[in-house]
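As provided, my_file20.cif (mmCIF, C-alpha atoms) reads as follows.
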data_work
#
loop_
_atom_site.label_atom_id
_atom_site.label_comp_id
_atom_site.auth_asym_id
_atom_site.auth_seq_id
_atom_site.Cartn_x
_atom_site.Cartn_y
_atom_site.Cartn_z
CA MET A 1 0.00 0.00 0.00
CA LYS A 2 1.24 3.47 -0.92
CA VAL A 3 -0.49 6.77 -0.20
CA PHE A 4 0.06 9.86 -2.37
CA ALA A 5 -1.41 13.35 -2.29
CA GLY A 6 -2.02 16.28 -4.60
CA ASN A 7 -1.86 19.89 -3.47
CA SER A 8 -5.43 20.27 -2.18
CA ASN A 9 -4.93 19.04 1.40
CA ARG A 10 -1.46 17.70 2.14
CA GLN A 11 -1.94 18.23 5.89
CA LEU A 12 -4.79 15.72 5.92
CA ALA A 13 -2.81 13.27 3.75
CA GLU A 14 0.14 13.49 6.16
CA ALA A 15 -2.20 12.89 9.13
CA ILE A 16 -3.67 9.84 7.37
CA CYS A 17 -0.16 8.48 6.74
CA SER A 18 0.71 9.09 10.39
CA TYR A 19 -2.34 7.04 11.41
CA LEU A 20 -1.37 4.25 8.99
CA ASN A 21 2.30 4.47 10.00
CA VAL A 22 3.41 4.68 6.36
CA PRO A 23 5.38 7.46 4.65
CA LEU A 24 3.60 9.81 2.25
CA GLY A 25 4.53 8.80 -1.29
CA LYS A 26 6.96 10.95 -3.23
CA ALA A 27 5.32 12.75 -6.14
CA SER A 28 5.82 16.14 -7.73
CA VAL A 29 2.69 18.05 -8.77
CA ARG A 30 3.75 21.33 -10.31
CA ARG A 31 2.76 23.84 -12.97
CA PHE A 32 4.40 25.23 -16.06
CA ALA A 33 4.45 29.00 -16.66
CA ASP A 34 1.04 28.86 -18.35
CA GLN A 35 -0.40 26.96 -15.31
CA GLU A 36 -0.50 23.63 -17.14
CA ILE A 37 -0.26 20.84 -14.56
CA PHE A 38 2.61 18.35 -14.66
CA VAL A 39 2.88 15.25 -12.44
CA GLU A 40 5.94 13.11 -11.80
CA ILE A 41 5.80 10.01 -9.58
CA GLN A 42 9.20 9.83 -7.88
CA GLU A 43 9.16 6.24 -6.65
CA ASN A 44 8.32 2.80 -8.01
CA VAL A 45 4.61 1.90 -7.88
CA ARG A 46 4.56 -1.15 -10.17
CA GLY A 47 2.19 -3.73 -8.70
CA GLU A 48 1.33 -1.50 -5.72
CA ASP A 49 -2.06 -0.73 -4.14
CA VAL A 50 -2.10 3.06 -4.59
CA PHE A 51 -4.33 5.57 -2.77
CA VAL A 52 -4.49 9.16 -4.06
CA VAL A 53 -5.75 11.65 -1.45
CA GLN A 54 -7.17 14.73 -3.16
CA ALA A 55 -10.17 16.86 -2.15
CA THR A 56 -11.71 18.63 -5.14
CA SER A 57 -12.17 21.85 -3.17
CA PHE A 58 -11.35 25.44 -4.17
CA PRO A 59 -9.88 25.96 -6.72
CA THR A 60 -12.08 23.03 -7.72
CA ASN A 61 -11.10 22.69 -11.37
CA ASP A 62 -7.35 22.83 -10.64
CA HIS A 63 -7.58 20.18 -7.95
CA LEU A 64 -9.80 17.98 -10.11
CA MET A 65 -7.28 18.14 -12.97
CA GLU A 66 -4.46 17.30 -10.55
CA LEU A 67 -6.40 14.21 -9.46
CA LEU A 68 -7.10 13.07 -13.04
CA ILE A 69 -3.50 13.54 -14.15
CA MET A 70 -2.15 11.75 -11.07
CA ILE A 71 -4.47 8.79 -11.69
CA ASP A 72 -3.29 8.63 -15.31
CA ALA A 73 0.35 8.76 -14.17
CA PHE A 74 -0.18 5.82 -11.78
CA ARG A 75 -2.06 3.83 -14.41
CA ARG A 76 0.79 4.30 -16.90
CA SER A 77 3.28 3.35 -14.15
CA SER A 78 1.61 -0.09 -13.78
CA ALA A 79 0.05 0.36 -10.32
CA ARG A 80 -1.97 -2.75 -9.45
CA ARG A 81 -4.97 -0.82 -8.15
CA ILE A 82 -5.71 2.91 -7.89
CA THR A 83 -8.15 4.25 -5.30
CA ALA A 84 -9.19 7.91 -5.53
CA VAL A 85 -9.65 9.14 -1.96
CA LEU A 86 -11.89 12.23 -2.13
CA PRO A 87 -12.40 13.67 1.38
CA TYR A 88 -14.61 16.28 -0.30
CA PHE A 89 -16.26 15.59 -3.66
CA GLY A 90 -16.68 18.85 -5.61
CA TYR A 91 -19.63 19.31 -7.98
CA ALA A 92 -21.73 17.07 -5.69
CA ARG A 93 -24.45 19.71 -5.45
CA GLN A 94 -25.07 19.35 -9.20
CA ASP A 95 -26.55 15.86 -8.83
CA ARG A 96 -29.77 16.42 -10.82
CA ARG A 97 -31.35 18.69 -13.41
CA ALA A 98 -33.04 21.40 -11.35
CA SER A 99 -34.29 23.15 -14.51
CA GLY A 100 -34.21 22.74 -18.28
CA ARG A 101 -30.97 22.76 -20.29
CA THR A 102 -28.69 22.23 -17.27
CA PRO A 103 -25.99 19.57 -16.76
CA ILE A 104 -25.64 16.83 -14.16
CA SER A 105 -22.04 17.75 -13.42
CA ALA A 106 -21.59 15.22 -10.60
CA LYS A 107 -22.11 12.42 -13.13
CA LEU A 108 -19.66 14.04 -15.56
CA VAL A 109 -16.96 14.25 -12.87
CA ALA A 110 -17.62 10.61 -11.90
CA ASN A 111 -17.11 9.62 -15.56
CA LEU A 112 -13.85 11.62 -15.74
CA ILE A 113 -12.43 9.90 -12.65
CA THR A 114 -13.41 6.48 -13.97
CA GLU A 115 -12.02 7.09 -17.47
CA ALA A 116 -8.76 8.46 -16.04
CA GLY A 117 -8.11 4.97 -14.64
CA ALA A 118 -9.34 4.85 -11.03
CA ASP A 119 -10.37 1.38 -9.85
CA ARG A 120 -12.15 2.49 -6.68
CA VAL A 121 -13.42 5.67 -5.03
CA LEU A 122 -13.42 6.42 -1.31
CA THR A 123 -15.22 9.58 -0.19
CA LEU A 124 -16.87 11.13 2.85
CA ASP A 125 -20.43 12.40 3.31
CA LEU A 126 -21.58 12.82 -0.28
CA HIS A 127 -24.11 15.63 -0.65
CA ALA A 128 -26.55 13.11 -2.11
CA GLY A 129 -26.26 9.36 -1.56
CA GLN A 130 -27.30 8.53 -5.12
CA ILE A 131 -24.00 9.96 -6.41
CA GLN A 132 -22.49 6.57 -5.49
CA GLY A 133 -24.48 5.20 -8.42
CA PHE A 134 -22.90 7.74 -10.79
CA PHE A 135 -19.65 5.78 -10.62
CA ASP A 136 -19.25 2.58 -12.63
CA ILE A 137 -16.56 1.40 -10.20
CA PRO A 138 -16.82 0.37 -6.52
CA THR A 139 -17.47 3.45 -4.36
CA ASP A 140 -17.44 3.71 -0.57
CA ASN A 141 -19.25 6.69 0.95
CA LEU A 142 -18.09 7.11 4.54
CA PHE A 143 -20.05 8.98 7.21
CA ALA A 144 -18.63 11.59 9.56
CA ALA A 145 -21.35 10.89 12.14
CA PRO A 146 -19.10 8.84 14.48
CA ILE A 147 -16.53 11.67 14.59
CA LEU A 148 -19.17 14.34 15.20
CA ALA A 149 -21.07 12.26 17.76
CA ARG A 150 -17.89 11.63 19.75
CA ASP A 151 -17.14 15.36 19.87
CA ILE A 152 -20.70 16.22 20.90
CA LYS A 153 -20.53 13.68 23.75
CA ASP A 154 -17.27 15.27 24.93
CA HIS A 155 -18.69 18.81 25.00
CA TYR A 156 -22.40 18.52 25.89
CA ASP A 157 -24.77 16.96 28.38
CA LEU A 158 -26.78 14.72 26.06
CA LYS A 159 -29.84 14.97 28.30
CA ASN A 160 -30.25 18.58 27.18
CA VAL A 161 -29.21 18.21 23.52
CA MET A 162 -31.60 18.43 20.56
CA VAL A 163 -30.35 17.61 17.06
CA VAL A 164 -31.72 20.00 14.42
CA SER A 165 -31.85 19.65 10.64
CA PRO A 166 -31.38 23.07 8.98
CA ASP A 167 -33.82 22.06 6.20
CA VAL A 168 -36.26 19.31 5.31
CA GLY A 169 -33.75 17.73 2.89
CA GLY A 170 -31.30 16.98 5.70
CA VAL A 171 -33.75 15.15 7.96
CA VAL A 172 -32.31 11.69 7.24
CA ARG A 173 -28.81 12.81 8.25
CA ALA A 174 -30.09 14.55 11.38
CA ARG A 175 -32.28 11.60 12.37
CA ALA A 176 -29.31 9.22 12.09
CA LEU A 177 -27.22 11.42 14.42
CA ALA A 178 -30.13 11.86 16.85
CA LYS A 179 -30.54 8.09 16.99
CA ARG A 180 -26.80 7.62 17.58
CA LEU A 181 -26.92 10.14 20.45
CA ASP A 182 -30.37 9.04 21.69
CA CYS A 183 -31.59 12.65 21.43
CA LEU A 184 -34.72 14.42 20.22
CA LEU A 185 -35.00 15.85 16.69
CA ALA A 186 -36.25 19.20 15.37
CA ILE A 187 -36.45 20.61 11.82
CA VAL A 188 -36.02 24.12 10.45
CA ASP A 189 -38.54 24.77 7.69
CA LYS A 190 -37.13 27.40 5.32
CA ARG A 191 -37.89 28.90 1.94
CA ARG A 192 -35.02 29.66 -0.45
CA ASP A 193 -35.93 32.49 -2.84
CA ARG A 194 -32.64 32.44 -4.80
CA PRO A 195 -29.36 30.50 -4.70
CA GLY A 196 -27.19 31.40 -1.71
CA GLU A 197 -30.03 33.02 0.25
CA SER A 198 -32.50 31.46 2.65
CA GLU A 199 -35.36 32.65 4.84
CA VAL A 200 -36.32 30.69 7.94
CA MET A 201 -40.06 30.19 8.14
CA ASN A 202 -40.81 27.87 11.05
CA ILE A 203 -39.34 25.50 13.65
CA ILE A 204 -40.86 22.02 13.77
CA GLY A 205 -40.37 20.77 17.34
CA ASP A 206 -40.08 22.33 20.81
CA VAL A 207 -36.52 23.61 21.33
CA THR A 208 -37.22 25.57 24.54
CA GLY A 209 -34.32 25.27 26.96
CA LYS A 210 -32.34 22.95 24.67
CA ASP A 211 -28.73 23.02 23.46
CA CYS A 212 -29.42 22.74 19.74
CA ILE A 213 -26.98 20.97 17.43
CA LEU A 214 -27.42 21.89 13.76
CA ILE A 215 -26.11 19.10 11.51
CA ASP A 216 -25.36 19.29 7.78
CA ASP A 217 -22.84 18.06 5.20
CA ILE A 218 -21.72 21.39 3.67
CA VAL A 219 -21.46 24.97 4.90
CA ASP A 220 -20.80 27.35 2.00
CA SER A 221 -22.03 30.93 2.46
CA GLY A 222 -23.16 30.22 6.04
CA GLY A 223 -26.44 32.07 5.54
CA THR A 224 -28.66 29.07 6.24
CA LEU A 225 -26.89 28.23 9.52
CA CYS A 226 -26.86 31.81 10.77
CA ASN A 227 -30.57 32.29 10.01
CA ALA A 228 -31.40 28.94 11.60
CA ALA A 229 -29.43 29.81 14.75
CA GLU A 230 -31.30 33.10 15.12
CA ALA A 231 -34.68 31.41 14.65
CA LEU A 232 -33.87 28.66 17.17
CA LEU A 233 -32.79 31.18 19.82
CA LYS A 234 -35.98 33.21 19.23
CA ASN A 235 -37.93 30.00 19.84
CA GLY A 236 -36.31 29.47 23.24
CA ALA A 237 -33.15 27.46 22.57
CA THR A 238 -30.40 27.90 25.17
CA SER A 239 -27.55 27.70 22.64
CA VAL A 240 -26.97 26.74 19.01
CA THR A 241 -23.88 24.94 17.71
CA ALA A 242 -23.40 23.71 14.13
CA TYR A 243 -21.57 20.49 13.24
CA ILE A 244 -20.71 20.35 9.52
CA THR A 245 -18.57 17.84 7.63
CA HIS A 246 -17.25 20.05 4.81
CA GLY A 247 -16.29 23.65 5.57
CA VAL A 248 -16.41 25.24 2.11
CA LEU A 249 -16.88 28.69 3.68
CA SER A 250 -16.63 30.77 0.51
CA GLY A 251 -16.69 34.55 0.20
CA GLY A 252 -17.51 36.29 3.46
CA ALA A 253 -18.75 33.15 5.21
CA VAL A 254 -16.14 33.20 7.99
CA ALA A 255 -17.00 36.79 8.91
CA ARG A 256 -20.71 35.99 8.73
CA VAL A 257 -20.31 33.05 11.11
CA GLY A 258 -18.11 35.14 13.41
CA SER A 259 -20.78 37.83 13.79
CA SER A 260 -23.68 35.37 14.06
CA LYS A 261 -25.42 33.99 17.14
CA LEU A 262 -23.83 30.56 16.66
CA LYS A 263 -22.04 29.47 19.81
CA GLU A 264 -19.63 27.48 17.67
CA LEU A 265 -19.19 26.04 14.19
CA VAL A 266 -17.40 22.69 14.21
CA ILE A 267 -16.07 21.39 10.87
CA THR A 268 -13.78 18.55 9.84
CA ASP A 269 -10.52 18.95 7.94
CA THR A 270 -11.75 17.36 4.68
CA ILE A 271 -11.10 20.80 3.15
CA GLN A 272 -7.84 22.38 4.26
CA PRO A 273 -8.72 25.21 6.69
CA THR A 274 -7.74 28.69 5.54
CA THR A 275 -5.90 31.17 7.75
CA ALA A 276 -9.20 32.98 8.33
CA VAL A 277 -10.86 29.77 9.53
CA GLN A 278 -7.98 28.94 11.85
CA SER A 279 -8.08 32.39 13.45
CA ALA A 280 -11.89 32.61 13.79
CA HIS A 281 -13.01 32.74 17.43
CA ASN A 282 -16.05 30.48 17.02
CA ILE A 283 -14.89 27.96 14.37
CA ARG A 284 -13.22 24.74 15.47
CA VAL A 285 -11.70 22.05 13.23
CA ILE A 286 -11.66 18.35 14.13
CA THR A 287 -9.75 15.73 12.17
CA SER A 288 -11.18 13.08 9.86
CA ALA A 289 -7.77 11.39 9.42
CA PRO A 290 -8.41 8.34 11.68
CA LEU A 291 -11.69 7.55 9.89
CA LEU A 292 -10.20 7.92 6.40
CA GLY A 293 -7.03 6.11 7.45
CA GLU A 294 -8.92 3.14 8.86
CA ALA A 295 -11.10 2.97 5.71
CA ILE A 296 -7.95 2.99 3.55
CA ASN A 297 -6.40 0.25 5.67
CA ARG A 298 -9.52 -1.92 5.47
CA THR A 299 -9.78 -1.38 1.71
CA SER A 300 -6.17 -2.48 1.27
CA MET A 301 -6.71 -5.51 3.52
CA GLU A 302 -9.97 -6.40 1.70
CA ALA A 303 -11.86 -6.05 5.00
CA SER A 304 -15.32 -4.60 5.66
CA VAL A 305 -15.58 -0.80 5.53
CA SER A 306 -19.29 -0.58 6.35
CA SER A 307 -18.68 -2.22 9.76
CA LEU A 308 -16.97 1.04 10.79
CA PHE A 309 -20.46 2.49 11.29
CA ASP A 310 -22.20 -0.42 13.03
#

What does the file become when written as structure tokens?
Amino acid sequence: MKVFAGNSNRQLAEAICSYLNVPLGKASVRRFADQEIFVEIQENVRGEDVFVVQATSFPTNDHLMELLIMIDAFRRSSARRITAVLPYFGYARQDRRASGRTPISAKLVANLITEAGADRVLTLDLHAGQIQGFFDIPTDNLFAAPILARDIKDHYDLKNVMVVSPDVGGVVRARALAKRLDCLLAIVDKRRDRPGESEVMNIIGDVTGKDCILIDDIVDSGGTLCNAAEALLKNGATSVTAYITHGVLSGGAVARVGSSKLKELVITDTIQPTTAVQSAHNIRVITSAPLLGEAINRTSMEASVSSLFD
């Protein structure tokens, strides 16, 4: 087994290698003067079980091209098996045709990864579970729930915790966490008038006197979470904390979260935290390296991955 990484999140790749007790593979991923990407694998991978750790986060297209070119380089270097490890799968929000004459970009990206030469895909908390079916190769979609649940148990009295879904579409995810924690569940009913903006309409469930835990897979602009936190507090919640797997946090999201009524925003390191995120007073990052590392180890050993979540 050999683990390599592109430039998207080398810190996470190094943490995964530390968990696995293997060195990070030697590979050069650089650019020519015109920004064309060039990859050189600097060690022998013939007959090896290769794992390429690369989140397709901002700049999404650059990191996606790095991944595709690295996969092609390993395929042409006679690697026995190539697993694309995508802590964060970009384009996942384009998983269906929301209106006429629009693409299904998640399927296109899945095709690109497959055609580049990947034999397997390992990812974490896909925005929509059906994206697994977009790949024509074996795909494991891990869940961050065990990591988040452990952190919640360490910081809260579960007798006073209520898990909250920030929208109706996230109820399944929130219900699974509530069941894991043996907590009650509430739902924020909102209306989105245009992309990137949301208006909270109603709270389904009694949150009076509760420490509310908002759970979601992606935080981008932060508007939904901030509006939900304000609505929950107006309805009697004692505090509101958000637990999110992927901290996209684009534009002015960090400042928006910092000035919001959220007690804390907890994200994982699937996307490499920016300097602004690291210095924010109410944003905390927890690591996903042990989960991804154990999944990589089990994949290499041909052991069960799904049993991680039993």

Explicit residues for the PyMOL selection byres ((chain A and resi 301-308) around 12) (as a list in words):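 Given this file, the PyMOL selection byres ((chain A and resi 301-308) around 12) evaluates to Met1, Asp49, Leu122, Thr123, Thr139, Asp140, Asn141, Leu142, Phe143, Ala144, Ala145, Pro146, Ile147, Pro290, Leu291, Leu292, Gly293, Glu294, Ala295, Ile296, Asn297, Arg298, Thr299, Ser300, Phe309 and Asp310 of chain A.
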
Point-to-point distance from CA of Glu230 (chain A) to CA of Lys179 (chain A), Å rounded to tenths: 25.1 Å

Å distance separating CA of Asp182 (chain A) from CA of Tyr243 (chain A), one decimal place: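 Distance reported for this atom pair: 16.7 Å.
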
Residue nearest Leu124 (chain A) - candidates A:Thr245, A:Ser259, A:Ser78, A:Thr287, atoms counted: only C-alpha atoms: A:Thr245

Residues near Lys26 (chain A), cut-off 12 Å, only C-alpha atoms, skip fewer than 5 positions along chain, as a CSV table (one decimal) with C-alpha atoms, in the coordinates of the input:
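As a result, out_28.csv now contains:
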chain,number,residue,atom,x,y,z
A,2,LYS,CA,1.2,3.5,-0.9
A,3,VAL,CA,-0.5,6.8,-0.2
A,4,PHE,CA,0.1,9.9,-2.4
A,5,ALA,CA,-1.4,13.4,-2.3
A,6,GLY,CA,-2.0,16.3,-4.6
A,14,GLU,CA,0.1,13.5,6.2
A,39,VAL,CA,2.9,15.2,-12.4
A,40,GLU,CA,5.9,13.1,-11.8
A,41,ILE,CA,5.8,10.0,-9.6
A,42,GLN,CA,9.2,9.8,-7.9
A,43,GLU,CA,9.2,6.2,-6.6
A,44,ASN,CA,8.3,2.8,-8.0
A,45,VAL,CA,4.6,1.9,-7.9
A,52,VAL,CA,-4.5,9.2,-4.1

Around all of region 246-251 of chain A's listed atoms, make the axis-aligned box with 3 Å on each side and tell me centre and edge lengths in Å to one decimal, as lines of an AutoDock Vina configuration file.
center_x = -16.8
center_y = 27.3
center_z = 2.9
size_x = 7.0
size_y = 20.5
size_z = 11.4

Distance in Å - CA of Ile267 (chain A) versus CA of Ile283 (chain A):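 Rounded to one decimal, the two atoms are 7.5 Å apart.
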
Selection dump of the PyMOL selection byres ((chain A and resi 86) around 8), as a list of chain:residue names: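 Selected by the PyMOL selection byres ((chain A and resi 86) around 8) here: A:Val53, A:Gln54, A:Ala55, A:Thr56, A:Ala84, A:Val85, A:Pro87, A:Tyr88, A:Phe89, A:Val121, A:Leu122, A:Thr123, A:Leu124.
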
Selected residue, from A:Val240, A:Ile271, A:Val277, A:Ile137, that lies nearest to Arg256 (chain A) when counting only C-alpha atoms: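 Counting only C-alpha atoms, the residue closest to Arg256 (chain A) is A:Val277.
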
Result set of the PyMOL selection byres ((chain A and resi 171) around 12) on the coordinates above, as a ChimeraX atom specification: /A:163-170,172-179,185-189,204,214-217

Selection near Phe135 (chain A), 12 Å with only C-alpha atoms, sequence-local residues under 3 positions removed, as a list in words: Ala84, Ala106, Lys107, Leu108, Val109, Ala110, Asn111, Leu112, Ile113, Thr114, Glu115, Ala118, Asp119, Arg120, Val121, Leu122, Thr123, Gly129, Gln130, Ile131, Gln132, Pro138, Thr139, Asp140 and Asn141 of chain A

Neighbour list for region 90-100 of chain A as a list in words, cut-off 6 Å, all atoms listed in the file, skip fewer than 2 positions in-chain: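 Counting only the stated atoms, we get Thr56, Ser57, Thr102, Ile104, Ser105, Ala106 and His127 of chain A.
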
Nearest candidate to Met65 (chain A) (options A:Lys159, A:Gly25, A:Asn7, A:Ile82; using all atoms listed in the file):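 With all atoms listed in the file as the atom set, the closest residue is A:Asn7.
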
Distance criterion (only C-alpha atoms): nearest to Ala149 (chain A) out of A:Arg46, A:Val266, A:Thr83, A:Met201: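 So, comparing all the options, the nearest one is A:Val266.
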
Nearest candidate to Val285 (chain A) (options A:Thr238, A:Asp151, A:Ala255, A:Arg31; using only C-alpha atoms):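 Of A:Thr238, A:Asp151, A:Ala255, A:Arg31, the one nearest Val285 (chain A) is A:Asp151, counting only C-alpha atoms.
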
From A:Asn160, A:Ser260, A:Ser250, A:Thr270, residue lying nearest Cys212 (chain A) [all atoms listed in the file]: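 Under the stated criterion, the closest residue is A:Asn160.
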